[in-house]
Structures are given as structure tokens and as C-alpha cells.
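K.L.:
Input protein-v9.cif, format and content: mmCIF, C-alpha atoms.
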```cif
data_final
loop_
_atom_site.label_atom_id
_atom_site.label_comp_id
_atom_site.auth_asym_id
_atom_site.auth_seq_id
_atom_site.Cartn_x
_atom_site.Cartn_y
_atom_site.Cartn_z
CA MET A 477 0.00 0.00 0.00
CA ASN A 478 2.84 2.39 0.82
CA CYS A 479 4.44 1.80 -2.61
CA PHE A 480 1.07 2.49 -4.22
CA ARG A 481 0.85 5.91 -2.50
CA LYS A 482 4.40 6.81 -3.52
CA GLY A 483 3.69 5.76 -7.10
CA LEU A 484 0.48 7.78 -7.15
CA PHE A 485 2.27 10.85 -5.76
CA VAL A 486 5.05 10.57 -8.35
CA SER A 487 2.50 10.14 -11.16
CA VAL A 488 0.55 13.23 -10.09
CA PHE A 489 3.75 15.26 -9.73
CA VAL A 490 5.02 14.23 -13.19
CA LEU A 491 1.66 15.02 -14.79
CA ALA A 492 1.52 18.45 -13.12
CA LEU A 493 5.08 19.41 -14.09
CA PRO A 494 4.34 20.36 -17.74
CA VAL A 495 1.46 22.58 -16.57
CA ALA A 496 3.74 24.42 -14.13
CA GLN A 497 6.42 24.86 -16.77
CA ALA A 498 3.94 26.15 -19.34
CA SER A 499 2.64 28.86 -17.01
CA ALA A 500 6.16 30.23 -16.48
CA ASN A 501 6.29 31.09 -20.20
CA THR A 502 2.98 33.00 -20.26
CA PHE A 503 4.71 36.37 -20.49
CA ASP A 504 7.55 35.39 -22.83
CA GLY A 505 8.13 37.65 -25.80
CA ALA A 506 8.93 41.25 -26.68
CA TRP A 507 7.52 44.11 -24.58
CA ASN A 508 7.58 47.92 -24.85
CA VAL A 509 7.89 49.65 -21.50
CA ARG A 510 6.97 53.34 -21.18
CA ILE A 511 8.59 55.10 -18.24
CA ALA A 512 7.12 58.18 -16.56
CA SER A 513 8.85 60.20 -13.86
CA SER A 514 7.27 62.05 -10.97
CA SER A 515 9.67 64.96 -11.65
CA ASP A 516 10.42 66.79 -14.91
CA THR A 517 14.08 67.09 -13.90
CA CYS A 518 14.42 63.29 -14.07
CA GLY A 519 13.19 63.05 -17.64
CA ASN A 520 9.87 61.70 -18.79
CA GLY A 521 8.35 59.53 -21.49
CA ALA A 522 11.22 57.17 -22.33
CA THR A 523 10.36 53.84 -23.96
CA VAL A 524 12.49 50.73 -23.48
CA ALA A 525 12.16 47.43 -25.34
CA ILE A 526 12.71 44.32 -23.22
CA GLY A 527 12.45 40.63 -23.88
CA ILE A 528 11.20 37.91 -21.56
CA ASN A 529 12.35 34.32 -22.02
CA ASN A 530 11.35 31.59 -19.56
CA GLY A 531 10.46 34.32 -17.06
CA GLN A 532 13.89 35.99 -17.29
CA ILE A 533 14.12 39.59 -18.45
CA ALA A 534 16.81 40.85 -20.84
CA SER A 535 17.42 44.00 -22.87
CA SER A 536 16.37 44.36 -26.43
CA SER A 537 18.47 47.53 -26.69
CA ALA A 538 22.20 48.15 -26.64
CA MET A 539 21.58 51.45 -24.78
CA VAL A 540 19.84 49.95 -21.74
CA THR A 541 20.71 46.82 -19.80
CA ALA A 542 17.67 45.07 -18.32
CA SER A 543 17.57 42.14 -15.95
CA GLY A 544 14.99 40.64 -13.65
CA HIS A 545 12.27 38.04 -13.33
CA VAL A 546 8.56 37.55 -14.00
CA ALA A 547 6.75 35.12 -11.69
CA ASP A 548 4.06 32.72 -12.95
CA ALA A 549 1.27 34.98 -11.64
CA GLY A 550 2.77 38.05 -13.39
CA ALA A 551 4.61 39.75 -10.53
CA ILE A 552 7.66 41.40 -12.04
CA ASN A 553 10.86 42.88 -10.68
CA VAL A 554 13.30 44.47 -13.09
CA THR A 555 16.50 46.48 -12.98
CA LEU A 556 17.33 48.89 -15.80
CA SER A 557 20.75 50.47 -16.09
CA THR A 558 22.56 52.70 -18.51
CA GLY A 559 26.05 53.92 -17.71
CA ILE A 560 26.13 54.67 -13.99
CA LYS A 561 22.37 55.26 -13.73
CA ARG A 562 20.22 52.46 -12.33
CA ALA A 563 16.50 52.05 -11.59
CA VAL A 564 14.58 49.21 -9.97
CA GLY A 565 10.97 48.53 -10.91
CA PHE A 566 8.17 46.42 -9.47
CA GLY A 567 4.69 45.66 -10.74
CA ARG A 568 2.50 43.14 -12.48
CA LEU A 569 1.96 41.84 -16.00
CA SER A 570 -1.45 40.53 -17.02
CA GLY A 571 -2.18 39.22 -20.50
CA THR A 572 -0.71 41.73 -22.94
CA SER A 573 -0.14 44.70 -20.62
CA GLY A 574 1.32 45.64 -17.27
CA SER A 575 2.12 48.48 -14.91
CA GLY A 576 4.05 49.33 -11.79
CA THR A 577 6.40 51.72 -10.06
CA TRP A 578 10.14 52.33 -10.22
CA ARG A 579 12.77 54.13 -8.20
CA GLY A 580 16.29 55.31 -8.85
CA ALA A 581 18.91 57.15 -6.82
CA MET A 582 17.07 60.50 -6.93
CA CYS A 583 13.94 59.82 -8.97
CA THR A 584 10.75 57.78 -8.82
CA GLY A 585 7.87 57.16 -11.15
CA THR A 586 5.56 54.71 -12.85
CA TRP A 587 5.78 52.43 -15.86
CA THR A 588 3.34 50.75 -18.23
CA ALA A 589 4.06 47.89 -20.60
CA GLU A 590 2.51 46.42 -23.74
CA ARG A 591 3.36 43.15 -25.45
CA MET A 592 4.62 43.79 -28.99
#
```
How does this structure look as C-alpha cells?

P.N.:
Amino acid sequence: MNCFRKGLFVSVFVLALPVAQASANTFDGAWNVRIASSSDTCGNGATVAIGINNGQIASSSAMVTASGHVADAGAINVTLSTGIKRAVGFGRLSGTSGSGTWRGAMCTGTWTAERM
């Protein structure tokens, strides 16, 4: 009986694994991120292209380095850097769009994203 339970558990786990892996790729693809600042002195209206592959974020631009992670449910944390400037963003993706907040050394703001 004990072997039967272990076998059943392993079977259920193996069957559920592809479903879990598939959900991690829900947000994969190219995204345009529009950045807004709470202060005009920090700049406003920049757009950055990023790519998501297996939940990992990478730059699609040579000007901006992007890194971070998107969780299965869409929670996102990302770091953008260019030269010595760096900003950290948090938020949520849902379907083909997303939004959140960001902060840098002396600036803060919001961001919105659209899948390309």
C-alpha cells in the first residue's frame, strides 16, 4: 500500500510538471515599457524594449541593460541600467499589458508595458 501511494504521488507530480512549466512562459516575448517620472528634472516619457524568455528579463536595446524576473502569476521585478544610472521597478503583467512603479537614486515614477 505504501508503494502504491508513492507511485500515485510521483505520477501526479510528473503530470503536473508540464502545466507548471507552461505557465512560467505565459509572459515570454517582446515588450515595450513606457517610463514616466514624478519629476520633470528626471526626464519623462522614455520607452524601453525588453524581452522575456522563460520568465527571465533581458534588454532588447544596446543602450539599456535590463535584468529581472517575472513570476508565474505576473509579478515582475526588473533592474534597468545605462552607464552609472540604475533604476529598480516592481509591478504586475497581465495578459498583454502591465504596470508598476520604479525608483532610482534620486527619482521615482511609474511604468506601463505592452506586449509587442

K.L.:
So that I can check the surroundings of Ile528 (chain A), please list as a list in words every protein, DNA and RNA residue that reaches within 7 Å of it, counting all atoms listed in the file and ignoring chain neighbours fewer than 2 positions away.

P.N.:
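The contact residues come out as Phe503, Asp504, Gly505, Ala506, Ile526, Asn530, Gly531, Gln532, Ile533 and Ala534 of chain A.
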
K.L.:
Starting from the shown file, work through the PyMOL selection byres ((chain A and resi 552) around 10) and note down what comes out as a list of chain:residue names.

P.N.:
A:Gly531, A:Gln532, A:Ile533, A:Gly544, A:His545, A:Val546, A:Ala547, A:Asp548, A:Ala549, A:Gly550, A:Ala551, A:Asn553, A:Val554, A:Gly565, A:Phe566, A:Gly567, A:Arg568, A:Leu569, A:Gly574, A:Ser575, A:Gly576

K.L.:
Starting from the displayed file, determine the output of the PyMOL selection byres ((chain A and resi 573) around 7) and express the residue list as a list in words.

P.N.:
Leu569, Ser570, Gly571, Thr572, Gly574, Ala589, Glu590 and Arg591 of chain A

K.L.:
Nearest to Gly585 (chain A) among A:Ser513, A:Ala525, A:Thr502, A:Ser535, with distances taken over only C-alpha atoms: which residue is it?

P.N.:
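Closest candidate: A:Ser513.
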
K.L.:
At what distance in Å, to one decimal, does CA of Thr586 (chain A) lie from CA of Met539 (chain A)?

P.N.:
20.2 Å

K.L.:
Pick from A:Met592, A:Leu556, A:Ala542, A:Cys583: nearest to Ser515 (chain A), with all atoms listed in the file counted?

P.N.:
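Using all atoms listed in the file, the shortest distance to Ser515 (chain A) belongs to A:Cys583.
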
K.L.:
Restricting the calculation to only C-alpha atoms, which member of A:Ser514, A:Thr541, A:Asn508, A:Gly521 is positioned closest to Arg562 (chain A)?

P.N.:
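That would be A:Thr541, the residue with the smallest distance to Arg562 (chain A).
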
K.L.:
What is the distance, in Å and to one decimal place, between CA of Ala563 (chain A) and CA of Thr577 (chain A)?

P.N.:
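Spanning CA of Ala563 (chain A) to CA of Thr577 (chain A) is a straight-line distance of 10.2 Å.
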
K.L.:
Of the residues A:Thr588, A:Arg579, A:Gly559, A:Ser543, which is the one nearest to Val509 (chain A), using all atoms listed in the file?

P.N.:
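Among the listed residues, A:Thr588 lies closest to Val509 (chain A).
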